[in-house]
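The file model_35.pdb comes next; it holds PDB, C-alpha atoms.
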```pdb
ATOM      1  CA  ILE A   1       7.400   2.252 -14.520
ATOM      2  CA  PHE A   2       4.949   1.942 -17.378
ATOM      3  CA  ILE A   3       1.884   4.172 -17.712
ATOM      4  CA  ILE A   4      -0.731   3.806 -20.463
ATOM      5  CA  ASP A   5      -4.367   4.589 -19.839
ATOM      6  CA  PRO A   6      -6.438   5.032 -23.024
ATOM      7  CA  SER A   7      -9.581   5.739 -21.019
ATOM      8  CA  SER A   8      -8.109   8.893 -19.528
ATOM      9  CA  SER A   9      -7.272  10.692 -22.776
ATOM     10  CA  SER A  10     -10.071  13.198 -22.277
ATOM     11  CA  GLN A  11      -8.925  14.252 -18.821
ATOM     12  CA  SER A  12      -6.916  17.402 -18.405
ATOM     13  CA  ASN A  13      -3.448  17.449 -16.868
ATOM     14  CA  GLN A  14      -4.916  19.209 -13.881
ATOM     15  CA  GLN A  15      -7.378  16.383 -13.273
ATOM     16  CA  ARG A  16      -4.656  13.759 -13.581
ATOM     17  CA  GLN A  17      -2.440  15.584 -11.107
ATOM     18  CA  SER A  18      -5.324  15.964  -8.692
ATOM     19  CA  MET A  19      -6.031  12.231  -8.787
ATOM     20  CA  ALA A  20      -2.373  11.406  -8.261
ATOM     21  CA  GLU A  21      -2.323  13.581  -5.155
ATOM     22  CA  GLN A  22      -5.362  11.948  -3.544
ATOM     23  CA  PRO A  23      -3.379   9.481  -1.408
ATOM     24  CA  ARG A  24      -1.423  12.377   0.113
ATOM     25  CA  ARG A  25      -4.631  14.093   1.171
ATOM     26  CA  GLY A  26      -5.761  11.426   3.577
ATOM     27  CA  ALA A  27      -7.153   8.680   1.344
ATOM     28  CA  SER A  28      -6.726   5.140   2.601
ATOM     29  CA  PRO A  29      -5.014   2.935   0.015
ATOM     30  CA  PRO A  30      -4.477  -0.701   0.996
ATOM     31  CA  SER A  31      -1.911  -1.477   3.662
ATOM     32  CA  SER A  32       0.903  -3.997   3.265
ATOM     33  CA  GLY A  33       0.038  -7.648   3.125
ATOM     34  CA  GLY A  34      -1.103  -7.955  -0.477
ATOM     35  CA  ALA A  35      -4.435  -6.158  -0.292
ATOM     36  CA  GLY A  36      -5.937  -5.791  -3.740
ATOM     37  CA  ALA A  37      -7.486  -2.836  -5.488
ATOM     38  CA  ALA A  38     -10.944  -4.209  -4.682
ATOM     39  CA  GLU A  39     -10.278  -3.470  -0.994
ATOM     40  CA  LEU A  40      -9.437   0.167  -1.632
ATOM     41  CA  GLU A  41     -13.020   1.285  -1.002
ATOM     42  CA  LEU A  42     -12.520   4.687  -2.603
ATOM     43  CA  PRO A  43     -15.078   4.983  -5.429
ATOM     44  CA  GLY A  44     -13.664   6.854  -8.391
ATOM     45  CA  PHE A  45     -10.085   6.721  -7.137
ATOM     46  CA  ARG A  46      -7.455   6.322  -9.853
ATOM     47  CA  PHE A  47      -3.685   6.278  -9.450
ATOM     48  CA  HIS A  48      -2.167   8.276 -12.310
ATOM     49  CA  PRO A  49       1.021  10.014 -11.117
ATOM     50  CA  THR A  50       3.113  11.964 -13.591
ATOM     51  CA  GLU A  51       6.623  10.797 -14.446
ATOM     52  CA  GLU A  52       8.015  13.556 -12.251
ATOM     53  CA  GLU A  53       5.853  12.453  -9.296
ATOM     54  CA  LEU A  54       6.918   8.839  -9.748
ATOM     55  CA  LEU A  55      10.591   9.740  -9.679
ATOM     56  CA  GLU A  56      10.729  12.657  -7.262
ATOM     57  CA  PHE A  57       8.155  11.454  -4.723
ATOM     58  CA  TYR A  58       7.822   7.677  -4.864
ATOM     59  CA  LEU A  59      11.093   6.296  -6.216
ATOM     60  CA  LYS A  60      13.422   8.785  -4.551
ATOM     61  CA  GLN A  61      12.002   8.081  -1.099
ATOM     62  CA  VAL A  62      12.293   4.318  -1.491
ATOM     63  CA  ALA A  63      15.801   4.571  -2.979
ATOM     64  CA  HIS A  64      16.874   6.607   0.050
ATOM     65  CA  GLY A  65      15.455   4.061   2.461
ATOM     66  CA  ARG A  66      12.381   6.021   3.535
ATOM     67  CA  LYS A  67       9.071   4.262   4.072
ATOM     68  CA  LEU A  68       6.078   5.584   2.160
ATOM     69  CA  LYS A  69       2.946   6.358   4.153
ATOM     70  CA  PHE A  70       0.734   4.640   1.595
ATOM     71  CA  ASP A  71       1.471   1.120   0.438
ATOM     72  CA  ILE A  72       0.248   1.534  -3.140
ATOM     73  CA  ILE A  73       3.311   0.224  -5.006
ATOM     74  CA  PRO A  74       4.594  -3.202  -3.892
ATOM     75  CA  THR A  75       8.172  -4.437  -4.236
ATOM     76  CA  VAL A  76       8.328  -7.396  -6.615
ATOM     77  CA  HIS A  77      11.145  -9.535  -8.007
ATOM     78  CA  LEU A  78       9.919  -8.827 -11.492
ATOM     79  CA  TYR A  79      11.840 -11.396 -13.521
ATOM     80  CA  ARG A  80      10.694 -14.297 -11.381
ATOM     81  CA  HIS A  81       7.299 -13.843 -13.015
ATOM     82  CA  ASP A  82       5.933 -13.873 -16.532
ATOM     83  CA  PRO A  83       4.018 -10.654 -17.309
ATOM     84  CA  TRP A  84       0.525 -12.134 -17.167
ATOM     85  CA  GLU A  85       1.177 -13.064 -13.514
ATOM     86  CA  LEU A  86       2.023  -9.507 -12.486
ATOM     87  CA  PRO A  87      -1.470  -7.908 -12.356
ATOM     88  CA  GLY A  88      -2.340 -10.298  -9.540
ATOM     89  CA  LEU A  89       0.644  -9.025  -7.517
ATOM     90  CA  ALA A  90      -0.230  -5.328  -7.875
ATOM     91  CA  ARG A  91      -1.924  -3.251  -5.181
ATOM     92  CA  ILE A  92      -3.956  -1.224  -7.641
ATOM     93  CA  GLY A  93      -4.530  -0.935 -11.371
ATOM     94  CA  GLU A  94      -6.850  -1.904 -14.192
ATOM     95  CA  ARG A  95      -4.848  -1.368 -17.395
ATOM     96  CA  GLU A  96      -1.488  -0.533 -15.831
ATOM     97  CA  TRP A  97       0.316  -1.910 -12.790
ATOM     98  CA  TYR A  98       3.110  -0.331 -10.752
ATOM     99  CA  PHE A  99       6.014  -2.060  -8.998
ATOM    100  CA  PHE A 100       9.239  -1.257  -7.204
ATOM    101  CA  VAL A 101      11.899  -3.688  -8.421
ATOM    102  CA  PRO A 102      15.342  -4.344  -6.898
ATOM    103  CA  ARG A 103      18.156  -3.656  -9.311
ATOM    104  CA  ASP A 104      18.914  -7.343  -9.975
ATOM    105  CA  GLY A 105      15.244  -7.942 -10.798
ATOM    106  CA  GLY A 106      15.153 -11.141  -8.741
ATOM    107  CA  GLY A 107      15.796 -13.332 -11.762
ATOM    108  CA  SER A 108      16.410 -17.066 -11.533
ATOM    109  CA  ARG A 109      19.899 -18.401 -10.873
ATOM    110  CA  ALA A 110      20.228 -19.589 -14.464
ATOM    111  CA  ALA A 111      19.227 -16.202 -15.806
ATOM    112  CA  LYS A 112      21.738 -14.418 -13.604
ATOM    113  CA  GLN A 113      24.553 -16.445 -15.155
ATOM    114  CA  HIS A 114      23.883 -14.510 -18.371
ATOM    115  CA  GLN A 115      23.919 -11.165 -16.634
ATOM    116  CA  SER A 116      26.200  -8.594 -18.205
ATOM    117  CA  GLY A 117      29.256  -7.816 -16.150
ATOM    118  CA  GLY A 118      29.727 -11.361 -14.872
ATOM    119  CA  SER A 119      29.536 -12.394 -11.235
ATOM    120  CA  GLY A 120      30.690  -9.015  -9.991
ATOM    121  CA  GLY A 121      27.139  -7.674 -10.168
ATOM    122  CA  GLY A 122      28.196  -4.571 -12.071
ATOM    123  CA  GLY A 123      26.226  -5.237 -15.248
ATOM    124  CA  ARG A 124      22.623  -4.607 -16.122
ATOM    125  CA  PRO A 125      20.025  -6.963 -14.653
ATOM    126  CA  SER A 126      19.081 -10.074 -16.610
ATOM    127  CA  ARG A 127      15.633  -9.598 -18.132
ATOM    128  CA  THR A 128      14.925 -13.288 -18.678
ATOM    129  CA  THR A 129      11.848 -14.976 -17.181
ATOM    130  CA  GLU A 130      10.858 -18.648 -17.168
ATOM    131  CA  ARG A 131       9.023 -18.438 -20.495
ATOM    132  CA  GLY A 132      10.535 -15.468 -22.279
ATOM    133  CA  PHE A 133      12.475 -12.230 -22.025
ATOM    134  CA  TRP A 134      12.041  -8.458 -21.986
ATOM    135  CA  LYS A 135      13.742  -6.578 -24.818
ATOM    136  CA  ALA A 136      14.501  -2.857 -24.806
ATOM    137  CA  THR A 137      13.036  -0.920 -27.725
ATOM    138  CA  GLY A 138      15.645   1.855 -27.721
ATOM    139  CA  SER A 139      18.083   3.837 -25.649
ATOM    140  CA  ASP A 140      17.317   5.475 -22.308
ATOM    141  CA  ARG A 141      15.322   8.704 -22.484
ATOM    142  CA  ALA A 142      15.849  11.592 -20.114
ATOM    143  CA  VAL A 143      13.048  12.684 -17.783
ATOM    144  CA  ARG A 144      13.414  16.317 -16.751
ATOM    145  CA  CYS A 145      11.818  18.577 -14.187
ATOM    146  CA  ALA A 146       8.829  20.422 -15.641
ATOM    147  CA  ALA A 147       9.693  23.645 -13.798
ATOM    148  CA  ASP A 148      13.413  23.409 -14.591
ATOM    149  CA  PRO A 149      13.988  21.503 -17.856
ATOM    150  CA  LYS A 150      17.749  21.623 -17.381
ATOM    151  CA  ARG A 151      17.477  19.403 -14.295
ATOM    152  CA  LEU A 152      17.624  15.689 -15.026
ATOM    153  CA  ILE A 153      15.462  13.759 -12.562
ATOM    154  CA  GLY A 154      15.477  10.272 -14.059
ATOM    155  CA  LEU A 155      15.840   7.934 -17.007
ATOM    156  CA  LYS A 156      13.142   5.964 -18.808
ATOM    157  CA  LYS A 157      13.429   2.791 -20.847
ATOM    158  CA  THR A 158      10.636   0.974 -22.699
ATOM    159  CA  LEU A 159      10.723  -2.810 -23.017
ATOM    160  CA  VAL A 160       8.554  -5.365 -24.852
ATOM    161  CA  TYR A 161       8.039  -8.963 -23.764
ATOM    162  CA  TYR A 162       8.916 -11.857 -26.097
ATOM    163  CA  GLU A 163       7.951 -15.478 -25.499
ATOM    164  CA  GLY A 164      10.761 -17.924 -26.178
ATOM    165  CA  ARG A 165      14.512 -17.530 -25.854
ATOM    166  CA  ALA A 166      16.727 -14.765 -27.213
ATOM    167  CA  PRO A 167      17.642 -13.954 -29.895
ATOM    168  CA  ARG A 168      14.536 -15.664 -31.224
ATOM    169  CA  GLY A 169      11.145 -15.113 -29.699
ATOM    170  CA  THR A 170       7.558 -14.158 -30.394
ATOM    171  CA  LYS A 171       6.622 -10.555 -29.661
ATOM    172  CA  THR A 172       3.660 -10.095 -27.318
ATOM    173  CA  ASP A 173       1.420  -7.187 -26.346
ATOM    174  CA  TRP A 174       3.050  -6.823 -22.921
ATOM    175  CA  VAL A 175       5.021  -3.613 -22.521
ATOM    176  CA  MET A 176       6.703  -1.968 -19.569
ATOM    177  CA  ASN A 177       8.394   1.323 -18.812
ATOM    178  CA  GLU A 178      11.381   1.244 -16.517
ATOM    179  CA  TYR A 179      12.199   4.380 -14.496
ATOM    180  CA  ARG A 180      15.357   4.880 -12.497
ATOM    181  CA  LEU A 181      17.122   7.718 -10.792
ATOM    182  CA  PRO A 182      20.214   8.995 -12.605
ATOM    183  CA  ASP A 183      23.563   7.922 -11.225
ATOM    184  CA  ALA A 184      26.169  10.549 -10.407
ATOM    185  CA  THR A 185      27.974  10.270 -13.754
ATOM    186  CA  THR A 186      24.827  10.558 -15.849
ATOM    187  CA  CYS A 187      23.566  13.495 -13.823
ATOM    188  CA  CYS A 188      26.864  15.346 -14.034
ATOM    189  CA  ASN A 189      27.140  14.847 -17.793
ATOM    190  CA  ALA A 190      23.609  16.156 -18.293
ATOM    191  CA  ALA A 191      24.061  19.109 -15.960
ATOM    192  CA  GLY A 192      27.648  19.946 -16.881
ATOM    193  CA  ASP A 193      28.427  20.409 -13.199
ATOM    194  CA  SER A 194      30.148  17.929 -10.893
ATOM    195  CA  SER A 195      28.302  19.384  -7.898
ATOM    196  CA  ALA A 196      25.141  17.657  -9.166
ATOM    197  CA  ALA A 197      26.486  14.336  -7.897
ATOM    198  CA  SER A 198      25.617  15.225  -4.316
ATOM    199  CA  SER A 199      21.899  14.603  -4.937
ATOM    200  CA  THR A 200      22.254  11.271  -6.767
ATOM    201  CA  THR A 201      23.179   7.730  -5.875
ATOM    202  CA  LYS A 202      26.347   6.056  -7.161
ATOM    203  CA  SER A 203      24.347   3.150  -8.547
ATOM    204  CA  PRO A 204      20.541   2.993  -8.321
ATOM    205  CA  LYS A 205      19.473   0.046  -6.147
ATOM    206  CA  VAL A 206      15.811   0.086  -7.059
ATOM    207  CA  TYR A 207      13.760   0.860 -10.151
ATOM    208  CA  ILE A 208      10.087   1.525 -10.599
ATOM    209  CA  TYR A 209       8.127  -0.132 -13.396
ATOM    210  CA  ILE A 210       4.764   0.315 -15.038
ATOM    211  CA  ILE A 211       3.476  -2.853 -16.680
ATOM    212  CA  LEU A 212       0.751  -2.631 -19.281
ATOM    213  CA  HIS A 213      -1.058  -4.947 -21.654
ATOM    214  CA  ARG A 214      -1.949  -3.405 -24.994
ATOM    215  CA  THR A 215      -5.267  -4.487 -26.495
TER     216      THR A 215
END
```
Could I get this structure in the form of structure tokens?
Amino acid sequence: IFIIDPSSSSQSNQQRQSMAEQPRRGASPPSSGGAGAAELELPGFRFHPTEEELLEFYLKQVAHGRKLKFDIIPTVHLYRHDPWELPGLARIGEREWYFFVPRDGGGSRAAKQHQSGGSGGGGRPSRTTERGFWKATGSDRAVRCAADPKRLIGLKKTLVYYEGRAPRGTKTDWVMNEYRLPDATTCCNAAGDSSAASSTTKSPKVYIYIILHRT
């Protein structure tokens, strides 16, 4: 998931958390079927969940097969689309757009042939689109519980979009943050306790992304 909202820099953390909780308090975000943000009909509503809310509330429920009450974040096969097509597929967003993405990313057949780990499906998803590719800017970063910093709740990766084919390509202003739940091994290593595996999945099946276009 990627979150960047320059216009909200003056808001306090309390205000941001309050806005993120609005859907849970009886607001009426768009239902399934591709309704756009224009149909939300909630003046002043903004969707700005914290990283912890994204992981612990939204992603964890979907990863465990539970249906969310509010259809704010659609499921998209991300790598079947170039980034400038994605805002039109989002339910809500002005400068940032949220998506659930299956682990394989829904890439084309040709792209999947380059997937790490071969045909067994054990490698990372191919990040190649029709006109370019997403490139990670660094290693995964830990996301921890605010109330209990020792508890690892997820991992975050930032990627930048390049037009062209790897290893060459032209860097663009499209950026995304990928969030995933920790697998059992990662969680145990971070916690130093094998009992932590009981609350994690063996291999995350779905990620959550925030797409943004820097200007």
- the PyMOL selection byres ((chain A and resi 139-154) around 9) applied to the shown file, residues as a PyMOL selection string: chain A and resi 51-52+55-56+136-138+155-158+179-183+186-187+190-191
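Distances to Val175 (chain A) were evaluated for A:Lys205, A:Arg95, A:Arg103, A:Lys67 using all atoms listed in the file, and the minimum falls at A:Arg95.
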- Query: With distances taken over only C-alpha atoms, which of A:His77, A:Lys69, A:Lys135, A:Arg46 is nearest to Asn177 (chain A)?
  - Reply: A:Lys135
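Of the listed residues A:Tyr207, A:Trp84, A:Tyr79, A:Tyr58, the one whose atoms come nearest to Trp174 (chain A) is A:Trp84, with distances taken using only C-alpha atoms.
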Starting from the displayed file, determine the output of the PyMOL selection byres ((chain A and resi 93) around 10) and express the residue list as a PDB file with C-alpha atoms, keeping the file's coordinate frame.
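Below you can see result05.pdb, which holds the result:
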```
ATOM      1  CA  GLY A  36      -5.937  -5.791  -3.740  1.00  0.00           C
ATOM      2  CA  ALA A  37      -7.486  -2.836  -5.488  1.00  0.00           C
ATOM      3  CA  ALA A  38     -10.944  -4.209  -4.682  1.00  0.00           C
ATOM      4  CA  ARG A  46      -7.455   6.322  -9.853  1.00  0.00           C
ATOM      5  CA  PHE A  47      -3.685   6.278  -9.450  1.00  0.00           C
ATOM      6  CA  HIS A  48      -2.167   8.276 -12.310  1.00  0.00           C
ATOM      7  CA  ILE A  72       0.248   1.534  -3.140  1.00  0.00           C
ATOM      8  CA  PRO A  87      -1.470  -7.908 -12.356  1.00  0.00           C
ATOM      9  CA  GLY A  88      -2.340 -10.298  -9.540  1.00  0.00           C
ATOM     10  CA  ALA A  90      -0.230  -5.328  -7.875  1.00  0.00           C
ATOM     11  CA  ARG A  91      -1.924  -3.251  -5.181  1.00  0.00           C
ATOM     12  CA  ILE A  92      -3.956  -1.224  -7.641  1.00  0.00           C
ATOM     13  CA  GLU A  94      -6.850  -1.904 -14.192  1.00  0.00           C
ATOM     14  CA  ARG A  95      -4.848  -1.368 -17.395  1.00  0.00           C
ATOM     15  CA  GLU A  96      -1.488  -0.533 -15.831  1.00  0.00           C
ATOM     16  CA  TRP A  97       0.316  -1.910 -12.790  1.00  0.00           C
ATOM     17  CA  TYR A  98       3.110  -0.331 -10.752  1.00  0.00           C
ATOM     18  CA  ILE A 211       3.476  -2.853 -16.680  1.00  0.00           C
ATOM     19  CA  LEU A 212       0.751  -2.631 -19.281  1.00  0.00           C
TER      20      LEU A 212
END
```
- Message: Report, in Å with one decimal, the straight-line distance from CA of Thr172 (chain A) to CA of Phe99 (chain A).
- Response: 20.1 Å
- Message: Please report the interatomic distance between CA of Leu78 (chain A) and CA of Thr50 (chain A) in Å with one decimal.
- Response: 22.0 Å
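One distance worth recording is that between CA of Phe45 (chain A) and CA of Arg214 (chain A), which is 22.1 Å.
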